[in-house]
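Student: Here it is, the structure in full.
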Protein chains: 2
Amino acid sequence: MGQGGLSYRDAGVDLDAAERTKDRLKDLVASTRDRWTLSELGAFGGLYQLPDTFLAPVLVSSADGVGTKLKVAFLAGRHDTVGQCLVNHCVDDILVQGARPLFFLDYIASGTMDEGVTADLVRGMATACKENGCALLGGETAQMPDFYRAGEYDVAGFIVGAVDRDRVLDGSSVREGDVLVGLASNGLHTNGYTLARRIVFDLMGLRVDDAFPGTDHTVADELLSVHRSYLPVLAGLLHDDRIQALAHITGGGIPGNLPRVLPEGLGARIDRASWRVPAVFETLQSAGGVDPDEMARVFNMGVGMIAVVRPGRAGGVISASGGHGVEAWSIGKVVAGTGVEYVG
Amino acid sequence: MGQGGLSYRDAGVDLDAAERTKDRLKDLVASTRDRWTLSELGAFGGLYQLPDTFLAPVLVSSADGVGTKLKVAFLAGRHDTVGQCLVNHCVDDILVQGARPLFFLDYIASGTMDEGVTADLVRGMATACKENGCALLGGETAQMPDFYRAGEYDVAGFIVGAVDRDRVLDGSSVREGDVLVGLASNGLHTNGYTLARRIVFDLMGLRVDDAFPGTDHTVADELLSVHRSYLPVLAGLLHDDRIQALAHITGGGIPGNLPRVLPEGLGARIDRASWRVPAVFETLQSAGGVDPDEMARVFNMGVGMIAVVRPGRAGGVISASGGHGVEAWSIGKVVAGTGVEYVG
C-alpha cells in the first residue's frame, strides 16, 4: 500500500504482469495464424473470415475444460500437455459432427499470474492448434485472488469449426448391422481424474515420479499423456463419406456417449474382449476395487473414439487408422434395442 | 464406498447430478433458440447455421469471465445477474468491432454441483442471450472437487458474432477532431472487484445487506448491478455508419482501452468534468484512499463504452443513446499524440 492509499496491486491484481504475459504470448499465438485470421492478439475480439470453401456453412462450437487432470499437472510442474489436451478434446467434440476446426479461444484463471506457467500452457495450446490447422484466435487470462490456491489455475477452451450443412454428421443414417470401430485412446484423455487421483495418490500412495505399475511410464507421464486428436485419422474418411456416425468417448464412457449418436430404436452390442484394455485402467480397477460397470462409465477404457461404419467399410477404416499410428478394432455392432450391451 | 470398492461418486463426482442439471436447463436453453440454431442441448457440439444475410462474413469471437464479482454473488446468494453480466460483457467485446452476436457458450466449474445455483446462473445467461438476440448454444459444467470451495464456482463465457468484412470497425477511419461520446455504465460492470471488495468488505466493514454509502442501494444491489449491453443503443448507429470506432471500457479503464482503437499518432484528450462520476466510485476512492490515476485504470468511472464519432454526429449519438435510456456525454476529443490525457 503506497502512501496510505490502496492500489489494485495491493489487492492482489497485477495489471503489469498481465501485460507482460500478453507480450510473451504474442509470437506463440502468431504462429497459429492462417490466411483467414484477420486480427492480432490484443484486439477486443478475434476476427476470422469464414473460408469460402463452404457452400452452406454450419458453425459447430464446443466448450470444454481439462478437469482435475490439472492437479496432476500442478504436481508434476508440467503445463504444456494439458494445454494440448484442451485443444484436442475440443477438436474431437466438433469432429463427431463432421466439422473441421477453424479457431480456438482459451480462458485461464489463477490466483496470481505466473508468467512462466501461463506461457507453458499457451505453448501447449498453440502446438495443438497448429497440429489441427486451427488458429488460436484469442483468450482471457483472469487474475482471481482468493479463488485459486497458489500455483493452481483452471482453464477452459472454446472451439469453432465448420461443416457444410448437407455433410453434418448426425447419426441419422446409422442402421442395424453397422460396425463399431473403436479407435485407441492415449490413456485417460481428460476424464475420470478425480477418481484416478484418489486411487493413485491416496490409495496406492504413489508420487508423480514413481513408476506406474504395469507400465514403463512414470505416474506423471502416464497420467499426463495427451488427449488424442482424431482429426488426422478421420478427416479423409469423413471427406470420402465412409463414416455414418462418430462418438467421442468422454465423461460417461462408452455407455454415456455412444447412444447419443444412435437413432431411436437402435443400440450397441460391444464385445469387451475385442480390444486390449491398457494397463493403466487395469491397475486403477484393481487398486481401487472399482466395479467394472463403474470403470466403463468413468473411463474410456482404451477406446477414445468410436466410428460407426457400414460392415464393408470397417476393414478400410481400421487400416486407415493404423496408417496414422492409431490402433483400431472392430468392437461391436449396431443392434435393435437401446443403450449399450456388453458381451464377452 | 460401496462393497469395499471406490466409485466416482465416492471420489466426489456425481454424474447423475450432472444429468439432472442438464435436464433442468433444457427449457432455458431452448428459449434462446433462433431459426439458425440447428442443435439441441446434449449434442457434442452446438450447431449454428451462418445466417445468409452476410456477403463476406467475418466471425468475431471473444472469451471472458466475470472476475471476482462472483464473490459478491456468493455472499448475496444471487447468481442470475452474474450470468447476465457474462453474456453482456461478451456482447460488448465483439460489438466494438461492429459484430452482432450469433451464439454464446459457457463453462461453469465448481467443486460440487449445486443444481439450483447452476440453474440460476444459466437462467441469467439465457435472459441476456434473449435480450441480445443470441442463441445459448452449449456449454460445459465441470465438477472439480478440491479446486473450488463449497458454494463457489468460476464461470467463463465465449461468444461468436459476425460482421461483413467491409463493415469491420477497426478505428482506421478515426481522425483528429473526432468526438468521444461516453455512454453511461451501470456501476462497476465486471472490473475492479478485487480492489472494490477489499475496500467495501475489509476497510469499510460493510455486509451485502447494508446500505451502500452515497447511494440508495444495498451493497449487493450496487455491486451486482448488471454489466450493460450496448447492443440496443449501438446496433442502429452501426448500421447507419455513424460510428468510427468503439472502445469497451473494461480492465485498464479508459487509458487501457481507448488507445487500442485509435490509429498510430492519435491520442485522446478527456475532460474529467464532462460526466457525472457515479457515487459508487466516489465512495470507493475516498474510503480506499485510492489515487485518482489508479481509479481511472481499474474502474470504468461511469463510462462503460466510448464511441468515436465525427463532430457533427455527436449530438445525434447522444440523443439516440438517451432514447434507449442510456445517458451519454461528449467527454473529449481525438488529438494528435498518443495515449489518454485528462484535463479538467
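Each chain in the C-alpha cells gets a letter, A, B and so on, in the order shown; residues start at 1 in every chain, and ligands are counted from 1 in the order they appear.
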Near B:Pro213, within 10 Å and counting only C-alpha atoms, which residues show up once chain neighbours fewer than 4 positions away are dropped, as a list in words?
Tutor: Met204, Leu206, His217, Thr218, Val219, Ala279, Val280, Glu282, Thr283 and Leu284 of chain B
Student: May I have the residues from that selection written out with C-alpha atoms, as a compact mmCIF listing (two decimals), in the first residue's frame?
Tutor:
# COMPACT_ATOMS: atom_id res chain seq x y z
CA MET B 204 -15.45 -0.25 5.31
CA LEU B 206 -19.90 -3.49 5.19
CA HIS B 217 -28.91 0.70 -2.94
CA THR B 218 -27.76 -2.11 -0.73
CA VAL B 219 -24.16 -3.24 -1.16
CA ALA B 279 -21.37 7.76 -6.25
CA VAL B 280 -20.12 4.20 -6.01
CA GLU B 282 -16.52 8.33 -5.23
CA THR B 283 -17.16 6.18 -2.20
CA LEU B 284 -14.59 3.57 -3.22
Student: Any chance you could tabulate, as a tab-separated table, the residues of chain A at most 6 Å from chain B with each one's nearest atom pair and distance in Å to one decimal, using only C-alpha atoms, in chain and rising number order?
Tutor:
residue	atom	partner	partner_atom	distance
A:Gly5	CA	B:Gly289	CA	4.2
A:Leu6	CA	B:Val290	CA	5.2
A:Tyr8	CA	B:Leu195	CA	5.5
A:Ala11	CA	B:Leu195	CA	5.3
A:Phe44	CA	B:Asp93	CA	5.5
A:Gly45	CA	B:Ser62	CA	4.8
A:Gly46	CA	B:Ser61	CA	5.1
A:Leu47	CA	B:Val60	CA	4.6
A:Tyr48	CA	B:Leu59	CA	5.0
A:Gln49	CA	B:Val58	CA	4.1
A:Leu50	CA	B:Val58	CA	5.9
A:Val58	CA	B:Gln49	CA	4.2
A:Leu59	CA	B:Tyr48	CA	5.0
A:Val60	CA	B:Leu47	CA	4.6
A:Ser61	CA	B:Gly46	CA	5.1
A:Ser62	CA	B:Gly45	CA	4.8
A:Ala63	CA	B:Gly139	CA	5.3
A:Asp64	CA	B:Glu140	CA	5.6
A:Asp93	CA	B:Phe44	CA	5.5
A:Ile94	CA	B:Gly45	CA	5.2
A:Gly139	CA	B:Ala63	CA	5.4
A:Glu140	CA	B:Asp64	CA	5.6
A:Leu195	CA	B:Ala11	CA	5.4
A:Gly288	CA	B:Leu6	CA	5.6
A:Gly289	CA	B:Gly5	CA	4.2
A:Val290	CA	B:Gly5	CA	5.0
Student: If you keep C-alpha atoms, can you produce a file of those selected residues as an mmCIF file, in the first residue's frame?
Tutor:
data_model
loop_
_atom_site.group_PDB
_atom_site.id
_atom_site.type_symbol
_atom_site.label_atom_id
_atom_site.label_comp_id
_atom_site.auth_asym_id
_atom_site.auth_seq_id
_atom_site.Cartn_x
_atom_site.Cartn_y
_atom_site.Cartn_z
ATOM 1 C CA GLY A 5 -3.872 4.505 -0.237
ATOM 2 C CA LEU A 6 -4.922 1.181 -1.652
ATOM 3 C CA TYR A 8 -5.144 -2.759 -7.397
ATOM 4 C CA ALA A 11 -5.377 -6.025 -3.521
ATOM 5 C CA PHE A 44 -11.202 -6.848 -28.224
ATOM 6 C CA GLY A 45 -12.463 -9.787 -30.251
ATOM 7 C CA GLY A 46 -10.650 -12.172 -32.568
ATOM 8 C CA LEU A 47 -11.520 -11.827 -36.264
ATOM 9 C CA TYR A 48 -11.724 -14.835 -38.526
ATOM 10 C CA GLN A 49 -13.014 -14.705 -42.060
ATOM 11 C CA LEU A 50 -15.180 -17.669 -42.904
ATOM 12 C CA VAL A 58 -22.875 -24.611 -40.334
ATOM 13 C CA LEU A 59 -20.759 -23.457 -37.403
ATOM 14 C CA VAL A 60 -20.097 -26.137 -34.807
ATOM 15 C CA SER A 61 -18.908 -24.991 -31.402
ATOM 16 C CA SER A 62 -17.977 -26.556 -28.115
ATOM 17 C CA ALA A 63 -16.698 -25.524 -24.688
ATOM 18 C CA ASP A 64 -14.576 -27.734 -22.506
ATOM 19 C CA ASP A 93 -16.008 -32.804 -29.806
ATOM 20 C CA ILE A 94 -16.840 -30.996 -33.039
ATOM 21 C CA GLY A 139 -8.464 -15.685 -24.895
ATOM 22 C CA GLU A 140 -8.855 -14.263 -21.454
ATOM 23 C CA LEU A 195 -11.287 -40.992 -9.216
ATOM 24 C CA GLY A 288 -9.346 -49.105 -6.378
ATOM 25 C CA GLY A 289 -11.556 -52.187 -6.290
ATOM 26 C CA VAL A 290 -13.735 -50.363 -8.791
#
Student: Separation of atom CA of A:Val277 and atom CA of A:Arg242, in Å?
Tutor: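 Atom-to-atom, atom CA of A:Val277 to atom CA of A:Arg242, that is 26.3 Å.
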Student: Enumerate as a count of residues only all residues of stretch 40-197 of chain A assigned to helix (DSSP H, G or I) by DSSP on the backbone, naming them with the chain letters and numbers the document uses.
Tutor: 49
Student: How many Å separate atom CA of B:Cys85 from atom CA of B:Ala268?
Tutor: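 Value for the atom CA of B:Cys85-atom CA of B:Ala268 distance: 28.1 Å.
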Student: Just give me the gap between atom CA of B:Gly111 and atom CA of B:Thr21 in Å, one decimal is fine.
Tutor: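 Between atom CA of B:Gly111 and atom CA of B:Thr21 the gap works out to 14.8 Å.
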Student: I'd like to know which of B:Leu25, B:Val181, B:Ala220, B:Val343 is closest to B:Gly116, using only C-alpha atoms.
Tutor: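 Nearest candidate to B:Gly116 out of B:Leu25, B:Val181, B:Ala220, B:Val343: B:Leu25.
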